Every structure is written in structure tokens, then in C-alpha cells.
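Visitor: Coordinates in final_37.pdb, PDB, C-alpha atoms, are listed below.
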ATOM      1  CA  MET I  18     -71.738 -10.612 -66.116  1.00  0.00           C
ATOM      2  CA  ASP I  19     -71.993  -8.241 -63.157  1.00  0.00           C
ATOM      3  CA  ASN I  20     -75.551  -7.570 -62.053  1.00  0.00           C
ATOM      4  CA  TYR I  21     -76.835  -4.022 -62.481  1.00  0.00           C
ATOM      5  CA  SER I  22     -79.343  -3.184 -59.777  1.00  0.00           C
ATOM      6  CA  ILE I  23     -82.333  -1.173 -60.941  1.00  0.00           C
ATOM      7  CA  ASP I  24     -84.462   0.932 -58.630  1.00  0.00           C
ATOM      8  CA  PRO I  25     -88.056   0.430 -59.886  1.00  0.00           C
ATOM      9  CA  ASN I  26     -89.075   3.754 -58.340  1.00  0.00           C
ATOM     10  CA  LYS I  27     -86.726   5.728 -60.589  1.00  0.00           C
ATOM     11  CA  PRO I  28     -86.657   6.182 -64.381  1.00  0.00           C
ATOM     12  CA  LEU I  29     -84.024   4.265 -66.323  1.00  0.00           C
ATOM     13  CA  ILE I  30     -82.955   7.526 -67.959  1.00  0.00           C
ATOM     14  CA  ASP I  31     -83.190  10.888 -66.185  1.00  0.00           C
ATOM     15  CA  VAL I  32     -81.968  13.947 -68.109  1.00  0.00           C
ATOM     16  CA  GLN I  33     -82.116  17.160 -66.092  1.00  0.00           C
ATOM     17  CA  ASN I  34     -81.408  20.637 -67.531  1.00  0.00           C
ATOM     18  CA  VAL I  35     -78.719  19.319 -69.863  1.00  0.00           C
ATOM     19  CA  SER I  36     -76.809  21.577 -72.245  1.00  0.00           C
ATOM     20  CA  MET I  37     -73.836  20.937 -74.510  1.00  0.00           C
ATOM     21  CA  ARG I  38     -71.559  23.722 -75.701  1.00  0.00           C
ATOM     22  CA  PHE I  39     -68.928  23.554 -78.419  1.00  0.00           C
ATOM     23  CA  ARG I  40     -66.322  26.267 -78.937  1.00  0.00           C
ATOM     24  CA  MET I  41     -65.989  27.055 -82.639  1.00  0.00           C
ATOM     25  CA  PRO I  42     -63.184  29.144 -84.243  1.00  0.00           C
ATOM     26  CA  THR I  43     -64.644  32.319 -85.779  1.00  0.00           C
ATOM     27  CA  GLU I  44     -62.241  32.250 -88.740  1.00  0.00           C
ATOM     28  CA  ARG I  45     -61.134  29.554 -91.130  1.00  0.00           C
ATOM     29  CA  ILE I  46     -57.767  27.980 -90.307  1.00  0.00           C
ATOM     30  CA  ASP I  47     -56.449  25.881 -93.184  1.00  0.00           C
ATOM     31  CA  ASN I  48     -53.857  23.700 -91.473  1.00  0.00           C
ATOM     32  CA  LEU I  49     -52.623  22.456 -88.116  1.00  0.00           C
ATOM     33  CA  LYS I  50     -49.427  24.543 -88.218  1.00  0.00           C
ATOM     34  CA  GLU I  51     -51.401  27.772 -88.618  1.00  0.00           C
ATOM     35  CA  PHE I  52     -53.756  26.719 -85.822  1.00  0.00           C
ATOM     36  CA  VAL I  53     -50.870  25.964 -83.417  1.00  0.00           C
ATOM     37  CA  ILE I  54     -49.094  29.251 -84.174  1.00  0.00           C
ATOM     38  CA  LYS I  55     -52.262  31.306 -83.716  1.00  0.00           C
ATOM     39  CA  THR I  56     -53.141  29.409 -80.545  1.00  0.00           C
ATOM     40  CA  ILE I  57     -49.699  30.089 -79.031  1.00  0.00           C
ATOM     41  CA  LYS I  58     -50.045  33.766 -79.955  1.00  0.00           C
ATOM     42  CA  ARG I  59     -53.609  33.737 -78.602  1.00  0.00           C
ATOM     43  CA  GLN I  60     -54.906  34.920 -81.946  1.00  0.00           C
ATOM     44  CA  VAL I  61     -57.631  32.294 -82.307  1.00  0.00           C
ATOM     45  CA  ARG I  62     -61.052  33.706 -81.568  1.00  0.00           C
ATOM     46  CA  TYR I  63     -63.942  31.439 -80.640  1.00  0.00           C
ATOM     47  CA  GLU I  64     -67.683  31.639 -80.395  1.00  0.00           C
ATOM     48  CA  ASP I  65     -69.930  29.354 -78.386  1.00  0.00           C
ATOM     49  CA  PHE I  66     -72.275  26.993 -80.177  1.00  0.00           C
ATOM     50  CA  TRP I  67     -74.918  25.327 -77.990  1.00  0.00           C
ATOM     51  CA  ALA I  68     -75.809  22.012 -79.655  1.00  0.00           C
ATOM     52  CA  VAL I  69     -78.227  21.144 -76.826  1.00  0.00           C
ATOM     53  CA  LYS I  70     -79.854  23.751 -74.583  1.00  0.00           C
ATOM     54  CA  ASP I  71     -81.529  23.052 -71.236  1.00  0.00           C
ATOM     55  CA  VAL I  72     -83.128  19.714 -72.130  1.00  0.00           C
ATOM     56  CA  SER I  73     -84.974  17.683 -69.500  1.00  0.00           C
ATOM     57  CA  LEU I  74     -86.710  14.352 -70.034  1.00  0.00           C
ATOM     58  CA  THR I  75     -87.205  10.981 -68.370  1.00  0.00           C
ATOM     59  CA  VAL I  76     -87.640   7.514 -69.823  1.00  0.00           C
ATOM     60  CA  ASN I  77     -89.083   4.718 -67.713  1.00  0.00           C
ATOM     61  CA  LYS I  78     -88.511   0.988 -68.010  1.00  0.00           C
ATOM     62  CA  GLY I  79     -90.165  -0.474 -71.079  1.00  0.00           C
ATOM     63  CA  GLU I  80     -90.795   2.865 -72.781  1.00  0.00           C
ATOM     64  CA  SER I  81     -89.736   3.630 -76.331  1.00  0.00           C
ATOM     65  CA  LEU I  82     -88.855   7.240 -77.133  1.00  0.00           C
ATOM     66  CA  ALA I  83     -88.134   8.819 -80.523  1.00  0.00           C
ATOM     67  CA  LEU I  84     -85.948  11.897 -80.954  1.00  0.00           C
ATOM     68  CA  ILE I  85     -86.952  13.784 -84.094  1.00  0.00           C
ATOM     69  CA  GLY I  86     -85.890  17.009 -85.758  1.00  0.00           C
ATOM     70  CA  ARG I  87     -83.927  18.370 -88.675  1.00  0.00           C
ATOM     71  CA  ASN I  88     -80.215  17.721 -89.171  1.00  0.00           C
ATOM     72  CA  GLY I  89     -78.253  19.699 -86.594  1.00  0.00           C
ATOM     73  CA  ALA I  90     -81.145  19.837 -84.128  1.00  0.00           C
ATOM     74  CA  GLY I  91     -79.091  18.161 -81.385  1.00  0.00           C
ATOM     75  CA  LYS I  92     -80.553  14.648 -81.515  1.00  0.00           C
ATOM     76  CA  SER I  93     -77.313  12.714 -81.914  1.00  0.00           C
ATOM     77  CA  THR I  94     -75.474  14.936 -79.430  1.00  0.00           C
ATOM     78  CA  LEU I  95     -78.161  14.275 -76.823  1.00  0.00           C
ATOM     79  CA  LEU I  96     -78.022  10.545 -77.521  1.00  0.00           C
ATOM     80  CA  ARG I  97     -74.238  10.524 -77.111  1.00  0.00           C
ATOM     81  CA  MET I  98     -74.527  12.283 -73.774  1.00  0.00           C
ATOM     82  CA  ILE I  99     -77.093   9.729 -72.596  1.00  0.00           C
ATOM     83  CA  ALA I 100     -74.707   6.971 -73.728  1.00  0.00           C
ATOM     84  CA  GLY I 101     -71.915   8.530 -71.665  1.00  0.00           C
ATOM     85  CA  ILE I 102     -69.736   9.171 -74.717  1.00  0.00           C
ATOM     86  CA  MET I 103     -69.924  12.931 -74.199  1.00  0.00           C
ATOM     87  CA  GLU I 104     -70.161  14.833 -70.928  1.00  0.00           C
ATOM     88  CA  PRO I 105     -72.720  17.667 -70.710  1.00  0.00           C
ATOM     89  CA  THR I 106     -71.474  21.207 -70.266  1.00  0.00           C
ATOM     90  CA  GLU I 107     -74.349  21.796 -67.872  1.00  0.00           C
ATOM     91  CA  GLY I 108     -76.929  19.617 -66.136  1.00  0.00           C
ATOM     92  CA  GLN I 109     -76.782  15.943 -65.290  1.00  0.00           C
ATOM     93  CA  ILE I 110     -77.842  12.572 -66.669  1.00  0.00           C
ATOM     94  CA  GLU I 111     -78.509   9.473 -64.590  1.00  0.00           C
ATOM     95  CA  THR I 112     -79.100   6.025 -66.073  1.00  0.00           C
ATOM     96  CA  GLN I 113     -79.744   2.561 -64.689  1.00  0.00           C
ATOM     97  CA  GLY I 114     -79.135  -0.915 -66.070  1.00  0.00           C
ATOM     98  CA  VAL I 115     -77.193  -2.291 -69.029  1.00  0.00           C
ATOM     99  CA  MET I 116     -77.113   0.196 -71.910  1.00  0.00           C
ATOM    100  CA  VAL I 117     -76.117  -0.705 -75.471  1.00  0.00           C
ATOM    101  CA  PRO I 118     -75.577   2.175 -77.921  1.00  0.00           C
ATOM    102  CA  LEU I 119     -75.877   1.682 -81.683  1.00  0.00           C
ATOM    103  CA  LEU I 120     -74.831   5.206 -82.550  1.00  0.00           C
ATOM    104  CA  LYS I 121     -72.518   5.082 -85.538  1.00  0.00           C
ATOM    105  CA  LEU I 122     -71.433   2.481 -88.028  1.00  0.00           C
ATOM    106  CA  GLY I 123     -68.149   1.037 -86.793  1.00  0.00           C
ATOM    107  CA  ALA I 124     -68.355   2.653 -83.353  1.00  0.00           C
ATOM    108  CA  GLY I 125     -67.002   0.300 -80.720  1.00  0.00           C
ATOM    109  CA  PHE I 126     -65.457  -1.970 -83.356  1.00  0.00           C
ATOM    110  CA  ASP I 127     -61.819  -2.702 -84.125  1.00  0.00           C
ATOM    111  CA  MET I 128     -61.827  -2.406 -87.890  1.00  0.00           C
ATOM    112  CA  ASN I 129     -58.603  -4.421 -88.213  1.00  0.00           C
ATOM    113  CA  ALA I 130     -60.031  -7.347 -86.236  1.00  0.00           C
ATOM    114  CA  THR I 131     -62.370  -9.993 -87.651  1.00  0.00           C
ATOM    115  CA  GLY I 132     -66.112 -10.166 -87.141  1.00  0.00           C
ATOM    116  CA  ARG I 133     -65.633 -13.031 -84.685  1.00  0.00           C
ATOM    117  CA  GLU I 134     -63.024 -11.133 -82.676  1.00  0.00           C
ATOM    118  CA  ASN I 135     -65.295  -8.100 -82.532  1.00  0.00           C
ATOM    119  CA  VAL I 136     -68.155 -10.136 -81.077  1.00  0.00           C
ATOM    120  CA  PHE I 137     -65.998 -10.956 -78.062  1.00  0.00           C
ATOM    121  CA  LEU I 138     -64.507  -7.437 -77.933  1.00  0.00           C
ATOM    122  CA  ASN I 139     -67.963  -5.852 -77.831  1.00  0.00           C
ATOM    123  CA  GLY I 140     -69.103  -8.326 -75.235  1.00  0.00           C
ATOM    124  CA  ALA I 141     -66.131  -7.529 -73.004  1.00  0.00           C
ATOM    125  CA  MET I 142     -66.871  -3.798 -73.307  1.00  0.00           C
ATOM    126  CA  MET I 143     -70.400  -4.485 -72.035  1.00  0.00           C
ATOM    127  CA  GLY I 144     -69.151  -6.604 -69.133  1.00  0.00           C
ATOM    128  CA  PHE I 145     -69.725 -10.098 -70.555  1.00  0.00           C
ATOM    129  CA  SER I 146     -67.126 -12.831 -70.079  1.00  0.00           C
ATOM    130  CA  HIS I 147     -65.623 -14.788 -72.969  1.00  0.00           C
ATOM    131  CA  ARG I 148     -67.643 -17.820 -71.859  1.00  0.00           C
ATOM    132  CA  GLU I 149     -70.909 -15.830 -71.893  1.00  0.00           C
ATOM    133  CA  MET I 150     -70.234 -14.450 -75.369  1.00  0.00           C
ATOM    134  CA  ASN I 151     -69.183 -17.880 -76.608  1.00  0.00           C
ATOM    135  CA  ALA I 152     -72.626 -19.167 -75.582  1.00  0.00           C
ATOM    136  CA  LYS I 153     -74.257 -16.332 -77.559  1.00  0.00           C
ATOM    137  CA  TYR I 154     -71.947 -16.504 -80.564  1.00  0.00           C
ATOM    138  CA  ASP I 155     -73.916 -18.925 -82.770  1.00  0.00           C
ATOM    139  CA  SER I 156     -77.199 -17.029 -82.372  1.00  0.00           C
ATOM    140  CA  ILE I 157     -75.446 -13.718 -83.133  1.00  0.00           C
ATOM    141  CA  VAL I 158     -73.976 -15.147 -86.323  1.00  0.00           C
ATOM    142  CA  GLU I 159     -77.286 -16.731 -87.320  1.00  0.00           C
ATOM    143  CA  PHE I 160     -79.200 -13.479 -86.896  1.00  0.00           C
ATOM    144  CA  SER I 161     -76.582 -11.421 -88.725  1.00  0.00           C
ATOM    145  CA  GLU I 162     -76.424 -13.876 -91.661  1.00  0.00           C
ATOM    146  CA  LEU I 163     -72.678 -13.189 -91.837  1.00  0.00           C
ATOM    147  CA  GLY I 164     -71.468 -16.753 -91.256  1.00  0.00           C
ATOM    148  CA  LYS I 165     -68.907 -16.912 -94.073  1.00  0.00           C
ATOM    149  CA  PHE I 166     -67.611 -13.422 -93.262  1.00  0.00           C
ATOM    150  CA  MET I 167     -66.955 -13.799 -89.532  1.00  0.00           C
ATOM    151  CA  ASN I 168     -63.241 -14.456 -90.078  1.00  0.00           C
ATOM    152  CA  VAL I 169     -62.880 -11.432 -92.373  1.00  0.00           C
ATOM    153  CA  PRO I 170     -61.501  -8.121 -90.938  1.00  0.00           C
ATOM    154  CA  LEU I 171     -64.200  -5.493 -90.485  1.00  0.00           C
ATOM    155  CA  LYS I 172     -62.317  -3.024 -92.690  1.00  0.00           C
ATOM    156  CA  ASN I 173     -63.541  -5.163 -95.578  1.00  0.00           C
ATOM    157  CA  TYR I 174     -67.192  -5.035 -94.466  1.00  0.00           C
ATOM    158  CA  SER I 175     -69.792  -2.874 -96.181  1.00  0.00           C
ATOM    159  CA  ALA I 176     -71.927  -0.439 -94.199  1.00  0.00           C
ATOM    160  CA  GLY I 177     -74.785  -2.916 -94.306  1.00  0.00           C
ATOM    161  CA  MET I 178     -72.614  -5.722 -92.953  1.00  0.00           C
ATOM    162  CA  LEU I 179     -71.431  -3.536 -90.055  1.00  0.00           C
ATOM    163  CA  THR I 180     -75.060  -2.770 -89.249  1.00  0.00           C
ATOM    164  CA  ARG I 181     -75.935  -6.459 -89.270  1.00  0.00           C
ATOM    165  CA  LEU I 182     -73.125  -7.332 -86.881  1.00  0.00           C
ATOM    166  CA  GLY I 183     -73.677  -4.399 -84.528  1.00  0.00           C
ATOM    167  CA  PHE I 184     -77.419  -4.917 -84.240  1.00  0.00           C
ATOM    168  CA  SER I 185     -77.086  -8.694 -83.880  1.00  0.00           C
ATOM    169  CA  ILE I 186     -74.715  -8.303 -80.929  1.00  0.00           C
ATOM    170  CA  ALA I 187     -76.879  -5.650 -79.288  1.00  0.00           C
ATOM    171  CA  ALA I 188     -80.075  -7.650 -79.693  1.00  0.00           C
ATOM    172  CA  ASP I 189     -78.575 -10.816 -78.206  1.00  0.00           C
ATOM    173  CA  VAL I 190     -77.111  -9.383 -74.990  1.00  0.00           C
ATOM    174  CA  ASN I 191     -80.564  -8.533 -73.561  1.00  0.00           C
ATOM    175  CA  PRO I 192     -79.864  -4.885 -72.643  1.00  0.00           C
ATOM    176  CA  ASP I 193     -82.080  -2.813 -70.367  1.00  0.00           C
ATOM    177  CA  ILE I 194     -81.636   0.196 -72.677  1.00  0.00           C
ATOM    178  CA  LEU I 195     -80.965   0.234 -76.419  1.00  0.00           C
ATOM    179  CA  LEU I 196     -79.941   3.508 -78.099  1.00  0.00           C
ATOM    180  CA  ILE I 197     -80.341   3.567 -81.883  1.00  0.00           C
ATOM    181  CA  ASP I 198     -79.127   6.422 -84.097  1.00  0.00           C
ATOM    182  CA  GLU I 199     -80.194   5.999 -87.737  1.00  0.00           C
ATOM    183  CA  VAL I 200     -78.237   2.758 -88.130  1.00  0.00           C
ATOM    184  CA  LEU I 201     -81.337   0.769 -89.104  1.00  0.00           C
ATOM    185  CA  ALA I 202     -81.698   2.910 -92.216  1.00  0.00           C
ATOM    186  CA  VAL I 203     -78.665   1.086 -93.612  1.00  0.00           C
ATOM    187  CA  GLY I 204     -78.939  -2.360 -95.147  1.00  0.00           C
ATOM    188  CA  ASP I 205     -81.402  -4.153 -97.351  1.00  0.00           C
ATOM    189  CA  ALA I 206     -85.161  -4.125 -96.801  1.00  0.00           C
ATOM    190  CA  PRO I 207     -85.444  -7.748 -95.566  1.00  0.00           C
ATOM    191  CA  PHE I 208     -82.852  -7.162 -92.825  1.00  0.00           C
ATOM    192  CA  GLN I 209     -84.470  -3.842 -91.831  1.00  0.00           C
ATOM    193  CA  LYS I 210     -87.744  -5.726 -91.358  1.00  0.00           C
ATOM    194  CA  LYS I 211     -85.926  -8.403 -89.387  1.00  0.00           C
ATOM    195  CA  CYS I 212     -84.503  -5.693 -87.115  1.00  0.00           C
ATOM    196  CA  ARG I 213     -87.912  -4.083 -86.612  1.00  0.00           C
ATOM    197  CA  ASP I 214     -89.405  -7.464 -85.723  1.00  0.00           C
ATOM    198  CA  LYS I 215     -86.580  -8.044 -83.230  1.00  0.00           C
ATOM    199  CA  ILE I 216     -87.095  -4.596 -81.714  1.00  0.00           C
ATOM    200  CA  ASN I 217     -90.783  -5.355 -81.236  1.00  0.00           C
ATOM    201  CA  GLU I 218     -89.823  -8.635 -79.566  1.00  0.00           C
ATOM    202  CA  LEU I 219     -87.411  -6.796 -77.257  1.00  0.00           C
ATOM    203  CA  LYS I 220     -90.091  -4.210 -76.501  1.00  0.00           C
ATOM    204  CA  ARG I 221     -92.473  -6.941 -75.403  1.00  0.00           C
ATOM    205  CA  SER I 222     -89.748  -8.251 -73.086  1.00  0.00           C
ATOM    206  CA  GLY I 223     -89.441  -4.829 -71.410  1.00  0.00           C
ATOM    207  CA  VAL I 224     -86.362  -3.344 -73.108  1.00  0.00           C
ATOM    208  CA  THR I 225     -86.276   0.473 -73.139  1.00  0.00           C
ATOM    209  CA  PHE I 226     -85.503   2.268 -76.418  1.00  0.00           C
ATOM    210  CA  ILE I 227     -84.421   5.690 -77.576  1.00  0.00           C
ATOM    211  CA  VAL I 228     -84.453   5.963 -81.371  1.00  0.00           C
ATOM    212  CA  VAL I 229     -83.175   8.740 -83.633  1.00  0.00           C
ATOM    213  CA  SER I 230     -84.573   8.528 -87.142  1.00  0.00           C
ATOM    214  CA  HIS I 231     -85.868  10.663 -89.998  1.00  0.00           C
ATOM    215  CA  SER I 232     -88.320   7.934 -90.994  1.00  0.00           C
ATOM    216  CA  MET I 233     -91.665   8.955 -89.535  1.00  0.00           C
ATOM    217  CA  PRO I 234     -93.392   5.640 -90.448  1.00  0.00           C
ATOM    218  CA  SER I 235     -90.676   3.709 -88.580  1.00  0.00           C
ATOM    219  CA  ILE I 236     -90.889   6.002 -85.571  1.00  0.00           C
ATOM    220  CA  LYS I 237     -94.664   5.787 -85.427  1.00  0.00           C
ATOM    221  CA  SER I 238     -94.540   2.000 -85.516  1.00  0.00           C
ATOM    222  CA  LEU I 239     -91.720   1.591 -82.979  1.00  0.00           C
ATOM    223  CA  CYS I 240     -92.174   4.372 -80.412  1.00  0.00           C
ATOM    224  CA  GLU I 241     -94.985   5.428 -78.100  1.00  0.00           C
ATOM    225  CA  ARG I 242     -93.454   8.797 -77.198  1.00  0.00           C
ATOM    226  CA  ALA I 243     -91.490  11.400 -79.143  1.00  0.00           C
ATOM    227  CA  VAL I 244     -89.431  14.504 -78.433  1.00  0.00           C
ATOM    228  CA  TRP I 245     -89.057  17.129 -81.167  1.00  0.00           C
ATOM    229  CA  LEU I 246     -85.775  19.037 -80.991  1.00  0.00           C
ATOM    230  CA  LYS I 247     -85.070  22.275 -82.837  1.00  0.00           C
ATOM    231  CA  ASP I 248     -81.831  24.267 -82.486  1.00  0.00           C
ATOM    232  CA  GLY I 249     -80.917  22.162 -79.460  1.00  0.00           C
ATOM    233  CA  SER I 250     -84.125  22.784 -77.505  1.00  0.00           C
ATOM    234  CA  ILE I 251     -87.316  20.805 -77.010  1.00  0.00           C
ATOM    235  CA  VAL I 252     -90.185  22.187 -79.094  1.00  0.00           C
ATOM    236  CA  MET I 253     -92.722  19.513 -78.173  1.00  0.00           C
ATOM    237  CA  GLN I 254     -92.968  16.130 -76.497  1.00  0.00           C
ATOM    238  CA  GLY I 255     -95.830  13.695 -76.156  1.00  0.00           C
ATOM    239  CA  ASP I 256     -97.392  10.775 -78.011  1.00  0.00           C
ATOM    240  CA  THR I 257     -95.490   9.930 -81.183  1.00  0.00           C
ATOM    241  CA  ALA I 258     -98.286  10.535 -83.686  1.00  0.00           C
ATOM    242  CA  SER I 259     -99.047  14.047 -82.403  1.00  0.00           C
ATOM    243  CA  VAL I 260     -95.411  15.117 -82.201  1.00  0.00           C
ATOM    244  CA  ALA I 261     -94.491  13.625 -85.584  1.00  0.00           C
ATOM    245  CA  ASP I 262     -97.485  15.254 -87.286  1.00  0.00           C
ATOM    246  CA  ALA I 263     -96.616  18.648 -85.767  1.00  0.00           C
ATOM    247  CA  TYR I 264     -93.005  18.268 -86.916  1.00  0.00           C
ATOM    248  CA  LEU I 265     -94.028  17.283 -90.439  1.00  0.00           C
ATOM    249  CA  ALA I 266     -96.438  20.219 -90.601  1.00  0.00           C
ATOM    250  CA  ASP I 267     -93.615  22.529 -89.566  1.00  0.00           C
ATOM    251  CA  CYS I 268     -91.484  21.079 -92.347  1.00  0.00           C
ATOM    252  CA  ASN I 269     -94.394  21.398 -94.797  1.00  0.00           C
ATOM    253  CA  LEU I 270     -94.288  17.664 -95.374  1.00  0.00           C
ATOM    254  CA  LYS I 271     -96.973  15.019 -95.441  1.00  0.00           C
ATOM    255  CA  SER I 272     -96.924  12.083 -93.024  1.00  0.00           C
TER     256      SER I 272
END
Write the structure described by the file as C-alpha cells, please.

Guide:
Amino acid sequence: MDNYSIDPNKPLIDVQNVSMRFRMPTERIDNLKEFVIKTIKRQVRYEDFWAVKDVSLTVNKGESLALIGRNGAGKSTLLRMIAGIMEPTEGQIETQGVMVPLLKLGAGFDMNATGRENVFLNGAMMGFSHREMNAKYDSIVEFSELGKFMNVPLKNYSAGMLTRLGFSIAADVNPDILLIDEVLAVGDAPFQKKCRDKINELKRSGVTFIVVSHSMPSIKSLCERAVWLKDGSIVMQGDTASVADAYLADCNLKS
């Protein structure tokens, strides 16, 4: 794999004044034909929706950061911009090192290919050679506990099985940055614990994490820092316990 040089004097993730705008039609259009006709006639009216508004944050090597907030707060959009999947409308994001995103079940997978084929496909996407992934293959399969399903196409996998495979690949490639968006909420309790134990092991080895989750106990156990997003903007950031407690109080919930 190609070496990624990391400047120790800079954060691994540097988000500066980032905003993301979506243009939303102001009226309901029921089908593609109607949309095309109205677009040609310039009859479609739009309004701007800012999913993320002027967000700045940095994450240093070895830190673990939680993004919390209600549905629609902008957490997943921000994570996708950090991953490079979406480009900000405004601002800039700089990252260093090998980044592995676990953002959506099935993302980055070929659902018609087998589990085995997807191990090598994912590895190639992250810059690993076939030989390197072949050396990792047995440990990936062992961790995922999917041995008898590795020659089955992913379209026949359950959500929990996809989570097992995706996390097992990510955990074995020794990333510098791991982005996790709710995927660990899927699957049975024993495997969730196994994933948390692996995350703690990766943390001790210096891997940097950004985690999106609605589970405050999980966030408090996994992350030292938290950012609370509301309507696309940062309400509060600081140590996880303080931010999570303030968020829960705002939601009138108990921790």
C-alpha cells in the first residue's frame, strides 16, 4: 500500500467554516416527466436548505469525537463531507492519513458480488494490493464470523451480516481515521460488544474516530469529545459527558 505521510504538527481532520446547501423544489412534483417539462419551461421553483452551516472543528491523532443531535441535525452530512463523499458548498476540509468510512450499510459494496470478492474490492478502494488483502483475509473472516457465507452474494446478506463484514474489513486495515455512522447499532448484542472491544483496542493503538450515534451510553464509553449539532450548526462542543448531558436535558431525556 502507498504510504500516507502525516504531519504531526497538523490535525488529522481540519474542518473550517464548512456549509452544505441543498436546493429543494418548493412544490411537489409527482413524476420525472412533469419535472423535466417544468424544468425546460423554467417553472420549477427552489428554496435553499442549509444542512450544515458554518461548522469548524479539528480532530487530532488519537482523538475520538462524537457527533450528536436529533435526526436532521446535519451529523451524517458533515460526516460524508469529511469522508470526501460530498463536497461542501462553502469552506474547506483537510484530512491526513488513511481514512475508512463506515457510513451506510452496503456503501462501498458490490451487492451482486460475494463476501470474499467484496473483501478484495474494498481493499483495492483503500489502496491495498490483492496480496496485502489476501494476507488479511483469514482474520477478517474470523472476526466477522461469516465463514460459510463468504461465497454468497451480498444481496442475500442481512443488515447485520453487512455490518459484520464492513466493520471487520475496516478494523483489519489499520486506518488512521475511522468514521462510523450508526452502523454499530445493527446486529446482535454479542457482536456489538465485540465491535466496541475492537474499537477500544484501535483507540489504544492511536486510531482516530468520529462516531455518529443516538446511543448516549455508547458515546460516553467510546468518545472523549463531542459536538452537538442542531439545525446544521454547532450548539456546544467539549468533553463528551458535559455535551451529552446538555443535549439530553434539551431533549427532556434522562442520561

Visitor: For a quick check of your reading of the model, name the residues lying within 8 Å of the coordinate (-78.4, -2.4, -84.6), counting only C-alpha atoms, and write them as a PyMOL selection string.

Guide: chain I and resi 119+180-188+197+200-201+212

Visitor: Considering all atoms listed in the file, can you say which of I:Gly164, I:Gly249, I:Gly144, I:Gly177 comes closest to I:Asn88?

Guide: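 Smallest distance to I:Asn88 is found for I:Gly249.
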
Visitor: List the residues selected by the PyMOL selection byres ((chain I and resi 115) around 9) in the file shown, writing them as a PyMOL selection string.

Guide: chain I and resi 20-21+113-114+116-117+143+191-195

Visitor: I'd like the interatomic distance between atom CA of I:Ile157 and atom CA of I:Val136, to a tenth of an Å.

Guide: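 Interatomic distance here is 8.4 Å.
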
Visitor: Go through the shown structure with the PyMOL selection byres ((chain I and resi 129) around 9) and write out the matching residues as a short mmCIF file (atom, residue, chain, number, x, y, z; two decimals) with C-alpha atoms, in the frame of the given file.

Guide:
data_model
loop_
_atom_site.label_atom_id
_atom_site.label_comp_id
_atom_site.auth_asym_id
_atom_site.auth_seq_id
_atom_site.Cartn_x
_atom_site.Cartn_y
_atom_site.Cartn_z
CA PHE I 126 -65.46 -1.97 -83.36
CA ASP I 127 -61.82 -2.70 -84.12
CA MET I 128 -61.83 -2.41 -87.89
CA ALA I 130 -60.03 -7.35 -86.24
CA THR I 131 -62.37 -9.99 -87.65
CA PRO I 170 -61.50 -8.12 -90.94
CA LEU I 171 -64.20 -5.49 -90.48
CA LYS I 172 -62.32 -3.02 -92.69
CA ASN I 173 -63.54 -5.16 -95.58
#

Visitor: Figure out the distance between atom CA of I:Met37 and atom CA of I:Arg87, please, to one decimal in Å.

Guide: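 Atom CA of I:Met37 lies 17.6 Å from atom CA of I:Arg87.
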
Visitor: Set the distance at 12 Å and use only C-alpha atoms: which residues neighbour I:Ala152 once local chain neighbours fewer than 5 positions away are removed? I'd like the list as a list in words.

Guide: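 Returned residues: Val136, Phe137, Gly140, Phe145, Ser146, His147, Ile157, Val158, Asp189 and Val190 of chain I.
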
Visitor: Measuring between only C-alpha atoms, which one of I:Leu196, I:Ala263, I:Ala206, I:Met98 shows the shortest distance to I:Leu82?

Guide: I:Leu196

Visitor: Residues near I:Val35, anyone? I mean within 8 Å using all atoms listed in the file, not counting same-chain ones fewer than 5 positions away, as JSON, numbers by chain.

Guide: {"I": [69, 70, 71, 72, 73, 105, 106, 107, 108, 109, 110]}
